[in-house]
file protein37.tsv (TSV, C-alpha atoms and all ligand atoms)
chain	number	residue	atom	x	y	z
V	1	MET	CA	36.61	2.66	-12.82
V	2	ASP	CA	32.88	3.17	-12.10
V	3	LEU	CA	30.47	4.59	-14.61
V	4	ASP	CA	30.42	8.31	-14.07
V	5	PRO	CA	27.06	9.97	-14.77
V	6	SER	CA	28.20	13.38	-13.52
V	7	GLN	CA	30.13	13.98	-16.74
V	8	SER	CA	26.98	14.11	-18.87
V	9	ALA	CA	27.18	17.66	-20.26
V	10	LEU	CA	30.90	17.77	-20.99
V	11	VAL	CA	32.58	16.71	-24.21
V	12	ARG	CA	36.01	15.34	-23.51
V	13	GLU	CA	38.60	13.71	-25.70
V	14	GLY	CA	40.01	10.44	-24.45
V	15	LEU	CA	41.77	7.24	-25.38
V	16	ILE	CA	40.38	3.71	-25.08
V	17	ILE	CA	42.79	1.77	-22.87
V	18	ALA	CA	40.74	-1.40	-22.30
V	19	HIS	CA	37.76	-3.09	-23.89
V	20	HIS	CA	35.49	-5.20	-21.70
V	21	GLY	CA	32.86	-6.10	-24.29
V	22	VAL	CA	29.97	-4.09	-22.83
V	23	ALA	CA	32.10	-1.16	-21.67
V	24	VAL	CA	35.35	0.49	-22.62
V	25	GLU	CA	37.76	2.17	-20.26
V	26	VAL	CA	38.64	5.68	-21.41
V	27	LEU	CA	41.71	7.61	-20.26
V	28	PHE	CA	41.61	11.42	-20.32
V	29	ALA	CA	44.42	13.97	-20.48
V	30	SER	CA	43.87	14.73	-16.78
V	31	GLY	CA	44.90	11.16	-15.96
V	32	GLU	CA	41.35	10.27	-14.98
V	33	HIS	CA	39.87	7.10	-16.44
V	34	TYR	CA	36.45	5.55	-16.25
V	35	LEU	CA	34.19	3.03	-17.96
V	36	VAL	CA	31.78	4.05	-20.70
V	37	ARG	CA	29.10	1.62	-21.78
V	38	VAL	CA	29.13	0.52	-25.43
V	39	LYS	CA	27.06	-1.81	-27.59
V	40	ARG	CA	28.58	-5.26	-27.95
V	41	ARG	CA	29.56	-4.86	-31.57
V	42	SER	CA	30.26	-1.15	-31.53
V	43	GLY	CA	33.57	-1.61	-33.35
V	44	HIS	CA	35.64	0.27	-30.78
V	45	VAL	CA	39.09	-1.03	-30.04
V	46	VAL	CA	41.97	-0.28	-27.69
V	47	GLY	CA	43.98	2.64	-29.06
V	48	ASP	CA	40.92	4.49	-30.39
V	49	ASP	CA	40.74	8.23	-29.77
V	50	VAL	CA	37.20	9.12	-28.78
V	51	LEU	CA	35.00	12.06	-27.83
V	52	VAL	CA	32.94	11.29	-24.76
V	53	ARG	CA	29.68	13.15	-24.20
V	54	GLY	CA	28.06	11.66	-21.14
V	55	GLU	CA	27.34	8.07	-22.08
V	56	VAL	CA	27.90	8.64	-25.80
V	57	LEU	CA	31.17	7.76	-27.50
V	58	GLU	CA	32.23	9.17	-30.84
V	59	ARG	CA	35.25	7.59	-32.48
V	60	LEU	CA	37.79	9.92	-34.07
V	61	PRO	CA	39.51	8.94	-37.34
V	62	ARG	CA	42.15	6.23	-37.05
V	63	ARG	CA	45.73	6.69	-38.19
V	64	THR	CA	46.21	2.94	-38.50
V	65	GLU	CA	44.12	-0.11	-37.76
V	66	LEU	CA	45.26	-3.68	-37.42
V	67	ARG	CA	42.90	-6.56	-38.17
V	68	ARG	CA	43.22	-10.32	-38.16
V	69	ARG	CA	41.04	-13.21	-39.24
V	70	ASP	CA	40.35	-16.10	-36.86
V	71	ALA	CA	40.09	-19.79	-37.78
V	72	MET	CA	36.34	-19.39	-38.38
V	73	GLY	CA	36.98	-16.61	-40.87
V	74	LYS	CA	35.74	-13.86	-38.56
V	75	VAL	CA	37.61	-10.55	-38.69
V	76	HIS	CA	38.78	-8.95	-35.43
V	77	LEU	CA	40.30	-5.54	-34.74
V	78	VAL	CA	43.53	-5.91	-32.77
V	79	GLY	CA	44.31	-2.27	-32.10
V	80	ALA	CA	44.07	1.27	-33.47
V	81	ASN	CA	46.64	4.00	-34.00
V	82	LEU	CA	49.61	1.68	-33.54
V	83	ASP	CA	53.08	2.44	-34.93
V	84	VAL	CA	54.83	-0.83	-34.22
V	85	LEU	CA	53.82	-4.44	-33.71
V	86	GLY	CA	55.79	-7.01	-31.77
V	87	VAL	CA	55.20	-10.66	-32.50
V	88	VAL	CA	56.20	-12.48	-29.34
V	89	VAL	CA	57.41	-16.06	-29.71
V	90	SER	CA	59.11	-18.55	-27.42
V	91	PRO	CA	60.83	-21.92	-27.76
V	92	SER	CA	58.02	-23.32	-25.61
V	93	PRO	CA	55.25	-23.12	-26.68
V	94	PRO	CA	56.64	-22.66	-30.22
V	95	PRO	CA	54.88	-20.52	-32.84
V	96	PRO	CA	52.54	-22.30	-35.28
V	97	ALA	CA	53.85	-22.55	-38.87
V	98	GLY	CA	53.63	-19.25	-40.71
V	99	PHE	CA	52.50	-17.30	-37.63
V	100	ILE	CA	55.41	-14.86	-37.62
V	101	ASP	CA	55.14	-14.38	-41.38
V	102	ARG	CA	51.44	-13.55	-41.26
V	103	VAL	CA	51.93	-11.04	-38.44
V	104	ILE	CA	54.80	-9.33	-40.28
V	105	VAL	CA	52.77	-9.11	-43.49
V	106	ALA	CA	49.64	-7.87	-41.67
V	107	ALA	CA	51.66	-5.23	-39.83
V	108	ARG	CA	53.35	-3.93	-42.95
V	109	ALA	CA	50.09	-3.90	-44.89
V	110	ALA	CA	48.60	-1.77	-42.09
V	111	ASN	CA	51.61	0.59	-42.13
V	112	LEU	CA	53.05	-0.61	-38.83
V	113	ARG	CA	56.66	-1.53	-38.29
V	114	PRO	CA	56.86	-5.17	-37.21
V	115	PHE	CA	59.50	-6.63	-34.91
V	116	VAL	CA	60.12	-10.06	-33.43
V	117	VAL	CA	60.49	-10.67	-29.69
V	118	VAL	CA	61.98	-14.03	-28.76
V	119	ASN	CA	61.12	-14.57	-25.11
V	120	LYS	CA	62.30	-17.26	-22.66
V	121	CYS	CA	65.95	-17.06	-23.71
V	122	ASP	CA	66.77	-18.57	-20.32
V	123	LEU	CA	65.44	-21.95	-21.51
V	124	ASP	CA	67.92	-24.54	-22.79
V	125	ALA	CA	66.06	-24.90	-26.06
V	126	ALA	CA	66.40	-21.17	-26.77
V	127	LYS	CA	69.84	-21.08	-28.38
V	128	GLY	CA	69.05	-22.98	-31.56
V	129	PHE	CA	65.65	-21.34	-31.74
V	130	ILE	CA	67.12	-17.83	-31.67
V	131	MET	CA	69.71	-18.70	-34.30
V	132	GLU	CA	67.05	-20.05	-36.58
V	133	LEU	CA	64.84	-16.99	-36.17
V	134	ARG	CA	67.73	-14.57	-36.65
V	135	ASP	CA	68.69	-16.44	-39.76
V	136	THR	CA	65.18	-16.21	-41.18
V	137	TYR	CA	64.04	-12.75	-40.07
V	138	ALA	CA	66.96	-10.51	-39.06
V	139	GLU	CA	67.34	-9.13	-42.58
V	140	ALA	CA	63.69	-8.15	-42.66
V	141	VAL	CA	62.95	-6.91	-39.13
V	142	SER	CA	64.55	-6.26	-35.73
V	143	VAL	CA	64.79	-9.41	-33.62
V	144	PHE	CA	64.95	-9.02	-29.82
V	145	PRO	CA	66.00	-12.16	-27.93
V	146	LEU	CA	65.28	-11.69	-24.23
V	147	SER	CA	63.91	-13.18	-21.07
V	148	ALA	CA	61.10	-11.72	-19.00
V	149	VAL	CA	62.30	-13.88	-16.12
V	150	THR	CA	66.01	-12.98	-16.00
V	151	GLY	CA	65.66	-9.52	-17.55
V	152	GLU	CA	68.33	-10.34	-20.12
V	153	GLY	CA	67.96	-8.36	-23.35
V	154	LEU	CA	65.19	-6.11	-22.06
V	155	THR	CA	67.16	-2.87	-22.35
V	156	LEU	CA	67.30	-2.94	-26.14
V	157	LEU	CA	63.55	-3.43	-26.40
V	158	ARG	CA	62.91	-0.72	-23.81
V	159	GLU	CA	65.01	1.71	-25.86
V	160	PHE	CA	63.24	0.78	-29.07
V	161	LEU	CA	59.80	1.33	-27.53
V	162	GLY	CA	60.99	4.44	-25.74
V	163	GLU	CA	61.35	6.23	-29.06
V	164	GLY	CA	57.73	7.21	-28.50
V	165	HIS	CA	56.12	4.37	-30.34
V	166	ARG	CA	52.74	2.92	-29.61
V	167	GLY	CA	52.98	-0.81	-30.00
V	168	ALA	CA	51.20	-4.04	-29.27
V	169	PHE	CA	52.37	-7.51	-28.38
V	170	VAL	CA	50.69	-10.34	-30.22
V	171	GLY	CA	51.45	-14.04	-30.02
V	172	ILE	CA	49.96	-17.34	-29.01
V	173	THR	CA	48.96	-17.95	-25.43
V	174	GLY	CA	51.76	-18.76	-22.97
V	175	VAL	CA	54.69	-17.12	-24.77
V	176	GLY	CA	54.96	-14.49	-22.04
V	177	LYS	CA	53.43	-11.30	-23.46
V	178	SER	CA	52.04	-10.17	-20.10
V	179	SER	CA	55.20	-11.29	-18.28
V	180	LEU	CA	57.21	-9.10	-20.63
V	181	LEU	CA	55.05	-6.07	-20.00
V	182	ASN	CA	55.44	-6.62	-16.27
V	183	ALA	CA	59.21	-6.90	-16.71
V	184	LEU	CA	59.35	-3.73	-18.83
V	185	CYS	CA	57.29	-1.82	-16.31
V	186	PRO	CA	56.80	-3.51	-12.92
V	187	GLU	CA	54.03	-1.16	-11.75
V	188	ILE	CA	51.77	-2.54	-14.50
V	189	ASP	CA	51.42	-5.86	-12.66
V	190	LEU	CA	49.36	-7.90	-15.14
V	191	ARG	CA	48.16	-11.36	-14.29
V	192	VAL	CA	50.36	-14.04	-15.87
V	193	GLY	CA	49.83	-17.75	-16.27
V	194	THR	CA	51.31	-20.23	-13.84
V	195	LEU	CA	53.53	-22.98	-15.21
V	196	ASN	CA	51.12	-25.87	-14.83
V	197	GLU	CA	48.30	-23.84	-16.34
V	198	TYR	CA	50.21	-24.15	-19.58
V	199	ASN	CA	51.32	-27.74	-20.16
V	200	GLY	CA	49.99	-27.62	-23.69
V	201	LYS	CA	46.42	-26.91	-22.64
V	202	GLY	CA	46.43	-23.52	-24.31
V	203	ARG	CA	44.53	-21.77	-21.55
V	204	HIS	CA	44.38	-18.02	-21.92
V	205	THR	CA	45.42	-15.90	-18.98
V	206	THR	CA	44.83	-12.49	-20.52
V	207	THR	CA	41.23	-12.06	-21.68
V	208	VAL	CA	41.03	-8.39	-22.68
V	209	SER	CA	43.44	-6.06	-24.45
V	210	THR	CA	44.85	-3.27	-22.30
V	211	LEU	CA	47.05	-0.28	-23.15
V	212	HIS	CA	49.88	0.78	-20.85
V	213	SER	CA	52.29	3.72	-20.75
V	214	LEU	CA	55.89	2.68	-20.26
V	215	SER	CA	58.03	4.61	-17.82
V	216	ASP	CA	60.81	5.09	-20.38
V	217	GLY	CA	58.41	6.33	-23.05
V	218	GLY	CA	56.14	4.63	-25.49
V	219	GLU	CA	52.93	2.74	-25.01
V	220	LEU	CA	52.25	-0.95	-25.29
V	221	ILE	CA	49.08	-2.98	-25.67
V	222	ASP	CA	48.91	-6.44	-24.12
V	223	THR	CA	46.56	-8.70	-26.06
V	224	PRO	CA	45.02	-12.07	-25.23
V	225	GLY	CA	46.88	-14.86	-27.00
V	226	PHE	CA	45.43	-16.02	-30.27
V	227	GLN	CA	46.39	-19.04	-32.28
V	228	ASP	CA	45.39	-17.61	-35.65
V	229	PHE	CA	46.55	-14.47	-37.33
V	230	GLY	CA	44.81	-14.80	-40.68
V	231	LEU	CA	45.34	-12.06	-43.23
V	232	VAL	CA	42.46	-9.73	-44.10
V	233	ASP	CA	41.84	-8.26	-47.57
V	234	ILE	CA	45.35	-8.40	-48.94
V	235	SER	CA	46.22	-8.69	-52.60
V	236	ALA	CA	48.72	-11.27	-53.85
V	237	GLN	CA	50.98	-8.38	-54.91
V	238	ASP	CA	50.98	-6.76	-51.48
V	239	PHE	CA	51.47	-10.15	-49.87
V	240	ALA	CA	54.62	-10.79	-51.93
V	241	ASP	CA	55.88	-7.23	-51.35
V	242	HIS	CA	55.54	-7.54	-47.57
V	243	PHE	CA	56.66	-11.15	-47.19
V	244	PRO	CA	59.75	-11.46	-44.94
V	245	GLY	CA	62.69	-12.90	-46.85
V	246	PHE	CA	61.47	-11.48	-50.17
V	247	GLU	CA	63.47	-8.24	-49.84
V	248	LYS	CA	65.53	-8.97	-52.97
V	249	THR	CA	62.43	-9.53	-55.09
V	250	LYS	CA	61.80	-5.77	-55.05
V	251	GLU	CA	64.82	-5.32	-57.34
V	252	VAL	CA	63.54	-7.60	-60.07
V	253	ARG	CA	60.61	-7.59	-62.49
V	254	CYS	CA	58.54	-10.58	-63.56
V	255	ARG	CA	57.24	-10.83	-67.12
V	256	PHE	CA	53.66	-10.35	-65.92
V	257	ARG	CA	52.84	-7.40	-63.69
V	258	ASN	CA	50.28	-9.41	-61.72
V	259	CYS	CA	52.60	-12.41	-61.32
V	260	ARG	CA	51.88	-14.44	-58.19
V	261	HIS	CA	55.27	-16.10	-58.44
V	262	ARG	CA	53.97	-19.63	-58.75
V	263	THR	CA	54.22	-21.22	-62.18
V	264	GLU	CA	53.95	-18.12	-64.38
V	265	PRO	CA	56.49	-17.98	-67.22
V	266	GLY	CA	59.25	-15.41	-66.83
V	267	CYS	CA	58.89	-15.23	-63.04
V	268	ALA	CA	61.88	-13.35	-61.65
V	269	VAL	CA	61.15	-14.52	-58.10
V	270	VAL	CA	61.39	-18.20	-59.06
V	271	GLU	CA	64.63	-17.26	-60.78
V	272	LEU	CA	65.96	-15.78	-57.51
V	273	VAL	CA	64.96	-18.95	-55.67
V	274	THR	CA	66.76	-21.08	-58.26
V	275	ARG	CA	69.89	-18.97	-57.83
V	276	GLY	CA	69.64	-19.29	-54.05
V	277	GLU	CA	69.15	-15.54	-53.53
V	278	VAL	CA	65.75	-16.17	-51.99
V	279	ARG	CA	65.77	-19.14	-49.66
V	280	ALA	CA	63.82	-22.22	-50.66
V	281	GLU	CA	62.22	-22.32	-47.20
V	282	ARG	CA	61.00	-18.73	-47.55
V	283	TYR	CA	59.54	-19.49	-50.97
V	284	ALA	CA	57.83	-22.68	-49.74
V	285	THR	CA	56.24	-20.79	-46.84
V	286	TYR	CA	55.21	-18.00	-49.22
V	287	LEU	CA	53.40	-20.52	-51.47
V	288	GLU	CA	51.77	-22.13	-48.45
V	289	ILE	CA	50.28	-18.86	-47.14
V	290	LEU	CA	49.51	-17.53	-50.63
V	291	ARG	CA	46.74	-20.13	-50.84
V	292	GLU	CA	44.84	-18.16	-48.18
V	293	VAL	CA	45.20	-14.92	-50.10
V	294	VAL	CA	42.45	-14.16	-52.62
J	301	LIG	N1	61.35	-19.62	-18.50
J	301	LIG	C1	60.64	-18.54	-18.76
J	301	LIG	N2	59.32	-18.54	-18.56
J	301	LIG	C2	58.62	-17.42	-18.83
J	301	LIG	C3	59.25	-16.24	-19.35
J	301	LIG	N3	58.31	-15.31	-19.54
J	301	LIG	C4	57.14	-15.85	-19.17
J	301	LIG	N4	57.32	-17.12	-18.73
J	301	LIG	C5	56.28	-18.03	-18.23
J	301	LIG	O1	55.38	-18.33	-19.29
J	301	LIG	C6	54.06	-18.49	-18.79
J	301	LIG	C7	53.09	-17.64	-19.57
J	301	LIG	O2	53.32	-16.27	-19.31
J	301	LIG	P1	52.24	-15.14	-19.63
J	301	LIG	O3	52.94	-13.84	-19.49
J	301	LIG	O4	51.00	-15.32	-18.87
J	301	LIG	O5	51.94	-15.45	-21.19
J	301	LIG	P2	50.98	-14.66	-22.17
J	301	LIG	O6	51.64	-14.65	-23.51
J	301	LIG	O7	50.61	-13.34	-21.62
J	301	LIG	O8	49.70	-15.63	-22.24
J	301	LIG	P3	48.15	-15.22	-22.59
J	301	LIG	O9	47.78	-14.07	-21.74
J	301	LIG	O10	47.37	-16.46	-22.28
J	301	LIG	O11	48.13	-14.90	-24.06
J	301	LIG	C8	54.13	-18.17	-17.31
J	301	LIG	O12	54.20	-19.38	-16.60
J	301	LIG	C9	55.41	-17.37	-17.17
J	301	LIG	O13	55.98	-17.50	-15.91
J	301	LIG	C10	60.67	-16.28	-19.55
J	301	LIG	O14	61.33	-15.34	-19.98
J	301	LIG	N5	61.31	-17.46	-19.24
J	302	MG	MG	48.81	-12.47	-21.16
J	303	ZN	ZN	56.82	-13.72	-60.44

call {"tool": "encode", "arguments": {"input": "protein37.tsv", "output": "C-alpha cells", "more": "lines below"}}
Ligand SMILES: Nc1nc2c(ncn2[C@@H]2O[C@H](COP(=O)(O)OP(=O)(O)OP(=O)(O)O)[C@@H](O)[C@H]2O)c(=O)[nH]1
Ligand SMILES: [Mg+2]
Ligand SMILES: [Zn+2]
result
Amino acid sequence: MDLDPSQSALVREGLIIAHHGVAVEVLFASGEHYLVRVKRRSGHVVGDDVLVRGEVLERLPRRTELRRRDAMGKVHLVGANLDVLGVVVSPSPPPPAGFIDRVIVAARAANLRPFVVVNKCDLDAAKGFIMELRDTYAEAVSVFPLSAVTGEGLTLLREFLGEGHRGAFVGITGVGKSSLLNALCPEIDLRVGTLNEYNGKGRHTTTVSTLHSLSDGGELIDTPGFQDFGLVDISAQDFADHFPGFEKTKEVRCRFRNCRHRTEPGCAVVELVTRGEVRAERYATYLEILREVV
C-alpha cells in the first residue's frame, strides 16, 4: 500500500480499486497493488483502467461512467466501467422518496443494468416493504430480498453477480451495503456501522469507494452512503423512456414527439394512466422527478 518509487521507468496497466482523495490504489494483473498520488480533482474514479508510469497516471477510455448530482447541484462520478448497479434499500432506514427511481433511471441512461436489493429481510417491518417494492419494481428490474445478517436470499444475488458483472452498491447510509459485501465474501471484511451509530443520525461508516473481486465471480464496488442521487444531463424523453413502471408507454405514441406527458393534448401516456395501465402512483412520481429534469 506504500508509494512505490522503484516502478518509475515501467509502464503498467492497472485498475483503480480505491480512491483516497490525494491518492488512488491501483491493482495490477500480477495481483500487486499500491498507491499512486493524484491531484485532488483529477477526475479519476474507482473502476478506471489506467496506465501507470512512475508517479504519472493516464486514464484509458471508459466503457461506461455513472454520475450523480448532490443536493448542492455538484456532479460526482460514482464509478467507471460498470455493467450493473444495485440500489440497496432497507425497511429501516427507508429510502427517500424517488431514490430508487432516480438510481434506476441514471443506471439505464448510463447503459448499466439496474437491480434492487432489499436488505434486512429479517426485520419485522420487511414483509410489507418487500411486497410493496416487488409490486412497484419487479416488472422493470430484478428485485433481490435478502438479509446480510441471516444470509437468507444471498445465493440468488451471488449467482447474478457471478455472471462476470462489475457492479456497484449505492444507497443511503445504514442500509447495509458494506454488510452485504462482507456477507457475499467474508474475506473482504469491510467496516460496518454499529446499531447505535445509526439511530437516525445518518452517520457514514464507509468513507471511500472500494472495488472487490467476489469469490464466485464478478466484482463489486462498495460506496459511501449518499442521500441524494440527482440525475445529470438527462432529457425529458430519456427520463420517460427509462422510468420504472413506464414499460407500456414504449408501445404507444403521443401526438407530439417531444411530449413530456404532462398536460400536452393527445398524450398517450396520460391515456394509459386513465385506463389504469400505468399506475397513478408511478405517474405521480414521474411528474415529481420530471421537475428536476431540464
Ligand atoms: N437487522 C439487520 N441489520 C443489518 C443487516 N445488514 C446490515 N445491518 C445493520 O445495519 C447497520 C448498517 O450497516 P452497514 O453495512 O455499515 O451500512 P452501509 O450501507 O454500508 O452504511 P454506509 O457505509 O454509512 O453507507 C449495521 O448496524 C448493520 O449491522 C441485515 O440484514 N439485517
Ligand atoms: Mg458502508
Ligand atoms: Zn405524452

call {"tool": "residues_near_ligand", "arguments": {"input": "protein37.tsv", "ligand": "ligand ZN 303 (chain J)", "cutoff": "7 Å", "atoms": "only C-alpha atoms and all ligand atoms", "output": "list in words"}}
result
Cys254, Cys259, Arg260, His261, Arg262, Glu264, Cys267, Ala268, Val269 and Val270 of chain V

call {"tool": "write_last_selection", "arguments": {"input": "protein37.tsv", "atoms": "C-alpha atoms", "output": "mmCIF file, keeping the file's coordinate frame"}}
result
data_model
loop_
_atom_site.group_PDB
_atom_site.id
_atom_site.type_symbol
_atom_site.label_atom_id
_atom_site.label_comp_id
_atom_site.auth_asym_id
_atom_site.auth_seq_id
_atom_site.Cartn_x
_atom_site.Cartn_y
_atom_site.Cartn_z
ATOM 1 C CA CYS V 254 58.540 -10.580 -63.560
ATOM 2 C CA CYS V 259 52.600 -12.410 -61.320
ATOM 3 C CA ARG V 260 51.880 -14.440 -58.190
ATOM 4 C CA HIS V 261 55.270 -16.100 -58.440
ATOM 5 C CA ARG V 262 53.970 -19.630 -58.750
ATOM 6 C CA GLU V 264 53.950 -18.120 -64.380
ATOM 7 C CA CYS V 267 58.890 -15.230 -63.040
ATOM 8 C CA ALA V 268 61.880 -13.350 -61.650
ATOM 9 C CA VAL V 269 61.150 -14.520 -58.100
ATOM 10 C CA VAL V 270 61.390 -18.200 -59.060
#

call {"tool": "residues_near_ligand", "arguments": {"input": "protein37.tsv", "ligand": "ligand MG 302 (chain J)", "cutoff": "12 Å", "atoms": "all atoms listed in the file", "output": "ChimeraX atom specification"}}
result
/V:88,168-182,189-194,198,202-210,221-226

call {"tool": "atom_distance", "arguments": {"input": "protein37.tsv", "atom1": "atom CA of Arg282 of chain V", "atom2": "atom CA of Thr136 of chain V"}}
result
8.0 Å

call {"tool": "atom_distance", "arguments": {"input": "protein37.tsv", "atom1": "atom CA of Phe229 of chain V", "atom2": "atom CA of Glu292 of chain V"}}
result
11.6 Å

call {"tool": "atom_distance", "arguments": {"input": "protein37.tsv", "atom1": "atom O1 of ligand LIG 301 (chain J)", "atom2": "atom CA of Thr150 of chain V"}}
result
12.3 Å

call {"tool": "closest_residue", "arguments": {"input": "protein37.tsv", "among": "V:Val149, V:Ala107, V:Val118, V:Ala29", "to": "ligand LIG 301 (chain J)", "atoms": "all atoms listed in the file"}}
result
V:Val149

call {"tool": "decode", "arguments": {"input": "protein37.tsv", "residues": "segment 137-145 of chain V", "atoms": "all heavy atoms", "output": "PDB file, in the first residue's frame"}}
result
ATOM      1  N   TYR V 137     -41.648  -2.482  -8.651  1.00  0.00           N
ATOM      2  CA  TYR V 137     -40.444  -2.558  -9.495  1.00  0.00           C
ATOM      3  C   TYR V 137     -40.192  -3.884 -10.202  1.00  0.00           C
ATOM      4  O   TYR V 137     -39.396  -3.928 -11.136  1.00  0.00           O
ATOM      5  CB  TYR V 137     -39.202  -2.208  -8.660  1.00  0.00           C
ATOM      6  CG  TYR V 137     -39.251  -0.789  -8.161  1.00  0.00           C
ATOM      7  CD1 TYR V 137     -39.517  -0.502  -6.830  1.00  0.00           C
ATOM      8  CD2 TYR V 137     -39.069   0.268  -9.042  1.00  0.00           C
ATOM      9  CE1 TYR V 137     -39.586   0.801  -6.380  1.00  0.00           C
ATOM     10  CE2 TYR V 137     -39.137   1.579  -8.612  1.00  0.00           C
ATOM     11  CZ  TYR V 137     -39.400   1.839  -7.270  1.00  0.00           C
ATOM     12  OH  TYR V 137     -39.480   3.135  -6.841  1.00  0.00           O
ATOM     13  N   ALA V 138     -40.853  -4.969  -9.755  1.00  0.00           N
ATOM     14  CA  ALA V 138     -40.467  -6.291 -10.280  1.00  0.00           C
ATOM     15  C   ALA V 138     -40.670  -6.420 -11.786  1.00  0.00           C
ATOM     16  O   ALA V 138     -39.966  -7.185 -12.443  1.00  0.00           O
ATOM     17  CB  ALA V 138     -41.209  -7.395  -9.535  1.00  0.00           C
ATOM     18  N   GLU V 139     -41.596  -5.653 -12.344  1.00  0.00           N
ATOM     19  CA  GLU V 139     -41.782  -5.722 -13.794  1.00  0.00           C
ATOM     20  C   GLU V 139     -40.629  -5.056 -14.526  1.00  0.00           C
ATOM     21  O   GLU V 139     -40.325  -5.388 -15.664  1.00  0.00           O
ATOM     22  CB  GLU V 139     -43.082  -5.009 -14.181  1.00  0.00           C
ATOM     23  CG  GLU V 139     -44.190  -5.964 -14.563  1.00  0.00           C
ATOM     24  CD  GLU V 139     -45.449  -5.200 -14.926  1.00  0.00           C
ATOM     25  OE1 GLU V 139     -45.481  -4.599 -16.023  1.00  0.00           O
ATOM     26  OE2 GLU V 139     -46.369  -5.181 -14.097  1.00  0.00           O
ATOM     27  N   ALA V 140     -40.008  -4.098 -13.879  1.00  0.00           N
ATOM     28  CA  ALA V 140     -38.970  -3.309 -14.529  1.00  0.00           C
ATOM     29  C   ALA V 140     -37.571  -3.883 -14.322  1.00  0.00           C
ATOM     30  O   ALA V 140     -36.739  -3.883 -15.232  1.00  0.00           O
ATOM     31  CB  ALA V 140     -39.013  -1.868 -14.015  1.00  0.00           C
ATOM     32  N   VAL V 141     -37.292  -4.372 -13.118  1.00  0.00           N
ATOM     33  CA  VAL V 141     -35.929  -4.813 -12.779  1.00  0.00           C
ATOM     34  C   VAL V 141     -35.983  -6.025 -11.845  1.00  0.00           C
ATOM     35  O   VAL V 141     -37.021  -6.305 -11.259  1.00  0.00           O
ATOM     36  CB  VAL V 141     -35.127  -3.688 -12.063  1.00  0.00           C
ATOM     37  CG1 VAL V 141     -34.934  -2.481 -12.955  1.00  0.00           C
ATOM     38  CG2 VAL V 141     -35.797  -3.276 -10.761  1.00  0.00           C
ATOM     39  N   SER V 142     -34.849  -6.714 -11.693  1.00  0.00           N
ATOM     40  CA  SER V 142     -34.776  -7.807 -10.720  1.00  0.00           C
ATOM     41  C   SER V 142     -34.774  -7.220  -9.315  1.00  0.00           C
ATOM     42  O   SER V 142     -34.107  -6.228  -9.053  1.00  0.00           O
ATOM     43  CB  SER V 142     -33.491  -8.614 -10.901  1.00  0.00           C
ATOM     44  OG  SER V 142     -33.433  -9.146 -12.191  1.00  0.00           O
ATOM     45  N   VAL V 143     -35.543  -7.875  -8.429  1.00  0.00           N
ATOM     46  CA  VAL V 143     -35.601  -7.440  -7.034  1.00  0.00           C
ATOM     47  C   VAL V 143     -35.091  -8.598  -6.172  1.00  0.00           C
ATOM     48  O   VAL V 143     -35.577  -9.720  -6.285  1.00  0.00           O
ATOM     49  CB  VAL V 143     -37.052  -7.081  -6.620  1.00  0.00           C
ATOM     50  CG1 VAL V 143     -37.117  -6.688  -5.150  1.00  0.00           C
ATOM     51  CG2 VAL V 143     -37.589  -5.951  -7.500  1.00  0.00           C
ATOM     52  N   PHE V 144     -34.070  -8.336  -5.362  1.00  0.00           N
ATOM     53  CA  PHE V 144     -33.475  -9.363  -4.502  1.00  0.00           C
ATOM     54  C   PHE V 144     -33.745  -9.052  -3.034  1.00  0.00           C
ATOM     55  O   PHE V 144     -33.046  -8.245  -2.438  1.00  0.00           O
ATOM     56  CB  PHE V 144     -31.957  -9.444  -4.714  1.00  0.00           C
ATOM     57  CG  PHE V 144     -31.536  -9.835  -6.100  1.00  0.00           C
ATOM     58  CD1 PHE V 144     -31.241  -8.874  -7.049  1.00  0.00           C
ATOM     59  CD2 PHE V 144     -31.426 -11.173  -6.453  1.00  0.00           C
ATOM     60  CE1 PHE V 144     -30.847  -9.228  -8.336  1.00  0.00           C
ATOM     61  CE2 PHE V 144     -31.027 -11.540  -7.731  1.00  0.00           C
ATOM     62  CZ  PHE V 144     -30.740 -10.574  -8.675  1.00  0.00           C
ATOM     63  N   PRO V 145     -34.747  -9.695  -2.432  1.00  0.00           N
ATOM     64  CA  PRO V 145     -34.928  -9.524  -0.984  1.00  0.00           C
ATOM     65  C   PRO V 145     -33.935 -10.437  -0.275  1.00  0.00           C
ATOM     66  O   PRO V 145     -33.784 -11.598  -0.657  1.00  0.00           O
ATOM     67  CB  PRO V 145     -36.364 -10.005  -0.732  1.00  0.00           C
ATOM     68  CG  PRO V 145     -36.902 -10.446  -2.056  1.00  0.00           C
ATOM     69  CD  PRO V 145     -35.766 -10.584  -3.000  1.00  0.00           C
TER      70      PRO V 145
END
